[in-house]
Structure formats: structure tokens, C-alpha cells
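Novice: Sharing a structure here in C-alpha cells format.
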Amino acid sequence: MIYHLRAAGSSLVLEARGTRLPVIVHWGPDLGALDDHGLAALARSAVPAVGPSSIDEPLRLSILPGLADGWSGAPAVRGFWAATGKPIGALGPLSSTRVGDTLHLACVDPTASLVVETEIELTGEGVVRLRHTVRNTADDVLELAGLEMALPVPDRAREVLDFAGLWTHERRPQRLRPGFGTWTRETRHGRPGHDDPFLTVVGTPGFAFRSGEVWAAHLAWSGDKTVRVDRQPLGPALLAGGELLAPGEVRLAPGESYVSPWLIAAWSADGLDGLSARLHPYVRSRSTIRGPRPVVLNTWEAVYFDHDLDVLRRLVETAGAAGVERFVLDDGWFTGRRDDGRALGDWTVDATVWPQGLHPLIVLVHAHAMDFGLWVEPEMVNPDSDLARAHPDWVLGSDLTPTWRHQRTLDLANPDAYAFVLGGLLALLREYPIAYLKWDHNRDLLEPVAHRQVMAVYRLMDEVRSAAPGLEIESCASGGARIDLGILERVERFWTSDTNDPLERQQIQRWTGVLIPPEYLGSHLGAARAHTTGRTADLGFRAATAFFAGAGIEWDLLAADEAELAQVAAWTAAYRERRGELHTGTVVRGDLADPALLLHGVVAPDRSHALYAYVALGAPEHALPAPVRFVGLAPDRTYRVRPWTLVAPPAVLQDAAPGWWQDGEAVLPGRVLAEVGLPMPLLLPQQALLLDVVAIDPSGAH
């Protein structure tokens, strides 16, 4: 059979016939309606020549590329049989079926001791989902060393973009044009990590946000991973990824199976924004978010570990008056927790600090029309804790491995440890009306047990959510070290980074947002002086940066003056007014030549209106920066462009504003705004200008 999956301008054609494994003939732009004759002609025409000094049949990459294909890159399936030490052998086709937009394929080894089942789906958004299942049908134990999903990419895709990073500096993009060979990224953190490759993109050289043809893949997995781009002198190239398995980590007894994570992939002819235009609707179609994203206040940078009900009462009152909708009590509420060196794992409310429990605080929070959230870190334990002293066998690591932030990891694959943590969380949720858990994860896993640990964490989150319907969870991992589409199925929010410095946040949110829709990305209004960088930013820049995401506050509002509190209240009101469009529209980003300047925005699905931010990160290259072109608008509609003040106008240094600015607005067709653009006022560094763009009819009415 030859199968053709089509959706949203994208096609995937797979040939599954003959004695060889199925082959993906095409993945990329839509090929139009092809009948059986057309598909057969396509498959036949795609068969390459047989080269000299090569295998004696055409080299074609199967869905499980390996040595048996003549492929000299890394094989997709790796492992060996425990009793004999023999490696997994060549696989042949077993069956193929199509159910809706999903293909189900099965391959088997000649002795029927191993079956690999593959699912390939093309979603309505044009996103490919691909995963494998290995079933051990032998009498021997299978030591699985690796199982990767692979997709072909064309030769014109020569440039690679992926990401690195550090704590408070996540999602730093890096580009390269590798030659022949393999570009491989592996992470060994027990979580994706701050240096997570995140989204691996290959494309035509010079691709940008608004231009170029690109193919991208993300592994929906919250543990160790490997992703690679393979381009061999033999001709074919591929984009692959899978879970990174430690030796002995997955041993399949007879009858047991291993299911890989999903590889999520997308193609775009319109650059990185084209990827977002597929991936954001895909994520939203599977989202557990129900309702508008509330304005959050988190207490961490306001009080740290110093929990005092009188102080928190004043903070609650101030937050309520400022328009906060969710009040989150961060670390420091449980028994003996006065710093980060002790008590982690002892999940009972500290009776000394909270003699009446958390009830008095929660009553205050509810009285000010906010719901209540609580910080937890269920996967971790301090050696200096009652839990570690009582159950040292539940703690991963030894004296030969270091602690990290004074803590170790609980072995959640241990049924007793798992039951203890689950019981503690459910007890809290039964006693208190907790609407939201900020679920933290503040260290790497330094033991080779990531697979079982991540599977246990997934099960733990699933059980907690099942027992507490309506509960929302934020995934935090020392900031943004666990942001992936595996954990996203279980959370409503990510803490994008531990930095609230808007200068850092502009770039972190820009790049994280290629994959993740803005409503998931927690972004908070911090203090004027960022505690992670020591850098100072004015309120207008901080407010504009947090506005386009899941907005919140990390600032000690008790230290704010009356004017600042009024501005914060205006900011939260504006966010509540516009979050509907910000969290449902199409995210767009301009390709400005000057690296000191950014343009990003959100355009309504019907392109009737948009909100843009023009951002000066630093001093521009030119005295008069080039006009800004407004991307994403309907070319044949007419728009009114006006500056939109969020809390205060941005600071500028100019003798006169641009002409349209002096007029108060510009009215132009979308095509003109996209091709010619508008000159901007001369912003000082670390300033942001918001621009409200609304389509008008010929009479000039709204």
C-alpha cells in the first residue's frame, strides 16, 4: 500500500509494500489530491539510482533506518539479547493499516522474537506525531539500548537551528551548517535541562522567522533525550530523536514492551513563524487549560523563606487591590523550612510559623477575590529532613554523588516512596482549597534511572489531577529546565525562567514561544532591580515584557509607592481586557536586521486587529533605524495604527517624533504596512513601545 496523509497544506506519503520496511517517500508541502495511479507513479519516480561500490539495490531510508538498509548512520533500533549477547537483527515488514489520519505499521525480525509497531499521524494542523513500540516476543531478555524516530529531510535543508542555555539564560539559539556526518545533541539531566535542544530545526540556508523552508522536531519527553541531524555522503539526510537510555535502564523480559515518547514534527514554507502557526494550534487543541489565564502573584521574591502572617496579610490586601487573581505561597511553609538546606520532603504545614495552619491566609486570599496556590517540590528531599532520616532507602544517590541545592532525589519508582508523596499531596489538597500547585524540580538527576523516574512523575501528576479535578499545575524546574510537550499534557503553565529581568526575558520568551503558546509561559513583573542579574529596568519595560505571556507579579508590592501601585493596577486591568486575544491569536515576529531591535505581536485569527511590541534591547546600529514592517496582517484590508500606552510611554531621545506619530495614528493598507512599514520613535535602550492595529472599513468606522 501507498498512503497519503494530507492536512493544512502539508503532505506525508509512505510506501509500505514489498519485502523491505516502509519508506517515507515525502514529508513537506502538500502534493494535492493523488489517486492510486499518481501515488504509484510518485513512489516509482522517487526510487534513486544504484551507485557504484554500494549495496546492489537503491538506498532508501526506512522508518527504522539501520545497517540492513545500507545506512551508515546510527541505527534507529539498538540493543542485544541478554543470554546470547547477539544484537537486534534486521527487521522486515509485517503489516500496515490506516485508521483515519493515523498509520499503524508493524515490523518483525526473521525469527519472530521482536516486533516493532509504529504509529504515524498527521494532525489537522499539519503536525506529524511519530512513535514506536518494541515488543519482546522471545524467550530471552532484551537489553534495549536505543529506539529513535526518524524523518527524512531534503538536501536543500542545510542549516540547523537548536538551543542551549544556562540557569536564568534558557533557550539560547545556536545555528550551524554541519557538513557530512551527524550533529547530535544529548541531554543527561533527568529532565530536559536549561541547555535543552528543545526544538531542532533544519532548513534552507538563511531561514528566519518569516522566510525560508524549515522542518522541525521536538521530543515530547521530560527526561534524557537524544536528537540528531544526519547527513551522509551516501545521499539521504534525516532528522531523528528518542529517549536517551542508560545501559541496563530498559530490560524487556519476555512479553514486555517499551513505548517511545512521541516525536512531534512540523514543516513550514514560511519560516519559524510558520512552524508556530502549526504548533500553537496543535498544543491548544490538546490543552487542559479551561478559562482565562489569571494574574498571578507569587510570594518568592517578596518574602523568600520569611513567612509572617501579618506581612502576608498586607501583601494579600495590596495584591487584591492591584487586580491579582491568584495568590501563590512559595517555598518556606512546611515544617522546619527556614532555608533551602533542610526539611524538603516533610510536607506538613509548619505549626510554629502557621499555628492555625494555612487557613487564616487562605481565608484572606478568598476574601480579596483571589484563589490560592501553593509551592511544592514532591520529587526531592533534603538529607537534613525527617523523611530522609526515616527512609534513607527512598533516597537516590550516595556519598559518592554530590547533593545539588542541598538536596537529593526521591526514588519515586519505589512504591512506598511514591505512596508517601502521593498521600502527602492529597492530604494537603483535602485539607485546603488549593486551586494551583507550583510544582518545582530544582536539581538534575545524577543517577542512571531517568526513565523510571520520569514515568513515575507522569503517573504521580496524573493521579493527583484525577483526585483533584479542576486543580491547575505549573511546571517549574529551576526555572525553565522542564518545558516540553510531554509534561505539558499534565500542566497549565510553565515557569519560563527564574529570571524576571526583562532584557533576558525578551529573548527567552521569544524563542520558547516558537513551540509553546504564550498563555503557557509564566512571565512576572519583578522588582526594578532584578535579583538574578543586578540590572535595573523601569516599570514600563518590565510591564510590556510580561504582558504578552501568562502575566503575573513576583515583586514585593509592599515596597511599591502609590504611583507604582496605580500603574500595576492599570496593567492588570489591561491584561484582563486583552488576554483573550493574546492567548488565542497568531504569534508573529519580525525579522529586523538590527539585533538591538525586536518586533513581536499577536494577530487575531480573523486578522481584524493586532497588538505589537517594538522593543529596543540596546542602542541601535543606526541613528535612524529602518522603518518597522508589520507582519501577519491581511494585505487587502486597511488598518489604523496607534501607540498604545500600557503603564507609561517609553523613554525616547529625539528632537521630533515621526510624522505619523505626531498625527496620532497612521491609516494604511496591510500590504503597505507589511512592505514599507512605519518609522518608529527613537527609543532609549531597554524600552518597549506597544502598537494597537485595528482594521477599519472604507468609511473609517471601527
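Ordered as shown in the C-alpha cells, chains take letters A, B, and onward, while each chain numbers its residues from 1 and ligands are numbered from 1 in the order shown.
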Mind checking which residues fall within 9 Å of Thr532 (chain A), counting only C-alpha atoms, ignoring those fewer than 6 positions away in the same chain, and posting them as an MDAnalysis selection string?

Specialist: chainID A and resid 168 498:501

Novice: Dump C-alpha atoms for the selected residues as a tab-separated table (two decimals), in the first residue's frame?

Specialist:
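Result went into again.tsv, see below:
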chain	number	residue	atom	x	y	z
A	168	THR	CA	18.26	32.14	34.01
A	498	ASP	CA	13.96	32.04	37.15
A	499	THR	CA	14.98	35.46	35.90
A	500	ASN	CA	12.49	38.31	35.85
A	501	ASP	CA	14.99	40.64	34.19

Novice: Set the distance at 7 Å and use only C-alpha atoms: which residues neighbour Leu689 (chain A) once local chain neighbours fewer than 6 positions away are removed? I'd like the list as a list in words.

Specialist: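 Everything that qualifies: Ala613, Tyr614, Val615 and Pro650 of chain A.
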
Novice: Quick one: write out the picked residues with N, CA, C and O atoms as an mmCIF file, in the first residue's frame?

Specialist:
data_model
loop_
_atom_site.group_PDB
_atom_site.id
_atom_site.type_symbol
_atom_site.label_atom_id
_atom_site.label_comp_id
_atom_site.auth_asym_id
_atom_site.auth_seq_id
_atom_site.Cartn_x
_atom_site.Cartn_y
_atom_site.Cartn_z
ATOM 1 N N ALA A 613 4.619 44.692 19.850
ATOM 2 C CA ALA A 613 5.603 45.344 20.712
ATOM 3 C C ALA A 613 6.874 45.585 19.902
ATOM 4 O O ALA A 613 7.431 44.644 19.313
ATOM 5 N N TYR A 614 7.290 46.823 19.862
ATOM 6 C CA TYR A 614 8.565 47.206 19.250
ATOM 7 C C TYR A 614 9.523 47.446 20.406
ATOM 8 O O TYR A 614 9.266 48.295 21.267
ATOM 9 N N VAL A 615 10.615 46.695 20.438
ATOM 10 C CA VAL A 615 11.466 46.638 21.626
ATOM 11 C C VAL A 615 12.885 47.056 21.280
ATOM 12 O O VAL A 615 13.474 46.559 20.304
ATOM 13 N N PRO A 650 7.087 54.923 26.502
ATOM 14 C CA PRO A 650 8.506 54.582 26.563
ATOM 15 C C PRO A 650 9.375 55.832 26.496
ATOM 16 O O PRO A 650 8.973 56.864 25.947
#

Novice: I need the residues of region 444-633 of chain A that end up classed as strand (DSSP E) by DSSP on the backbone, written out as a VMD selection string.

Specialist: chain A and resid 472 to 475 493 to 495 521 to 525 550 to 553 586 to 589 597 to 603 609 to 616

Novice: Need to verify the contact set: Glu431 (chain A), 12 Å, only C-alpha atoms, exclusion of same-chain residues closer than 2 positions in sequence. Can you return it as a ChimeraX atom specification?

Specialist: /A:348-349,357-359,362,424-429,433-434,468

Novice: So which one's closest to Pro65 (chain A), A:Leu558, A:Val672, A:Ala604, A:Leu147? Using only C-alpha atoms, please.

Specialist: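 Looking only at the distances to Pro65 (chain A), the closest residue turns out to be A:Leu147.
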
Novice: Please tabulate, as a tab-separated table, the residues of region 71-105 of chain A that come within 12 Å of region 6-10 of chain A, each with its closest pair of atoms and the distance in Å to one decimal, counting only C-alpha atoms and ordering rows by chain, then residue number upward.

Specialist:
residue	atom	partner	partner_atom	distance
A:Gly100	CA	A:Arg6	CA	11.1
A:Asp101	CA	A:Arg6	CA	8.2
A:Thr102	CA	A:Arg6	CA	10.9

Novice: Save the residues we just selected, all heavy atoms, as a PDB file, in the first residue's frame?

Specialist:
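Result file is result.pdb:
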ATOM      1  N   GLY A 100      -8.262   6.545   9.987  1.00  0.00           N
ATOM      2  CA  GLY A 100      -8.352   7.996   9.940  1.00  0.00           C
ATOM      3  C   GLY A 100      -7.087   8.588   9.379  1.00  0.00           C
ATOM      4  O   GLY A 100      -6.646   8.235   8.271  1.00  0.00           O
ATOM      5  N   ASP A 101      -6.463   9.495  10.130  1.00  0.00           N
ATOM      6  CA  ASP A 101      -5.222  10.133   9.704  1.00  0.00           C
ATOM      7  C   ASP A 101      -4.000   9.538  10.389  1.00  0.00           C
ATOM      8  O   ASP A 101      -2.951  10.180  10.484  1.00  0.00           O
ATOM      9  CB  ASP A 101      -5.293  11.640   9.992  1.00  0.00           C
ATOM     10  CG  ASP A 101      -6.325  12.332   9.125  1.00  0.00           C
ATOM     11  OD1 ASP A 101      -6.386  12.020   7.925  1.00  0.00           O
ATOM     12  OD2 ASP A 101      -7.082  13.172   9.654  1.00  0.00           O
ATOM     13  N   THR A 102      -4.135   8.295  10.870  1.00  0.00           N
ATOM     14  CA  THR A 102      -3.037   7.622  11.561  1.00  0.00           C
ATOM     15  C   THR A 102      -2.696   6.321  10.858  1.00  0.00           C
ATOM     16  O   THR A 102      -3.585   5.522  10.525  1.00  0.00           O
ATOM     17  CB  THR A 102      -3.406   7.332  13.024  1.00  0.00           C
ATOM     18  OG1 THR A 102      -3.738   8.558  13.683  1.00  0.00           O
ATOM     19  CG2 THR A 102      -2.234   6.688  13.762  1.00  0.00           C
TER      20      THR A 102
END

Novice: Find the spatial neighbours of Thr318 (chain A), counting only C-alpha atoms, within a cut-off of 12 Å - ignore same-chain residues fewer than 6 positions away - and output them as a list in words.

Specialist: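 Skipping anything fewer than 6 positions along the chain leaves Leu297, Val311, Leu312, Val324, Glu325, Phe327, Leu364, Val365, His368, Met370, Ile553, Trp555, Asp556, Leu557, Leu558, Ala559, Ala560, Asp561, Glu562, Glu564, Leu565, Ala566, Val568 and Ala569 of chain A.
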
Novice: For CA of Thr352 (chain A) and CA of Phe305 (chain A), determine how far apart the two atoms are, in Å to one decimal place.

Specialist: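 Distance between the two atoms: 13.7 Å.
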
Novice: Do you know which residues are at most 8 Å from Pro669 (chain A) counting only C-alpha atoms, after dropping those on the same chain fewer than 4 positions away, and could you put them as a list in words?

Specialist: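 The residues satisfying every condition are Pro635, Asp636, Arg637, Thr638, Tyr639 and Leu673 of chain A.
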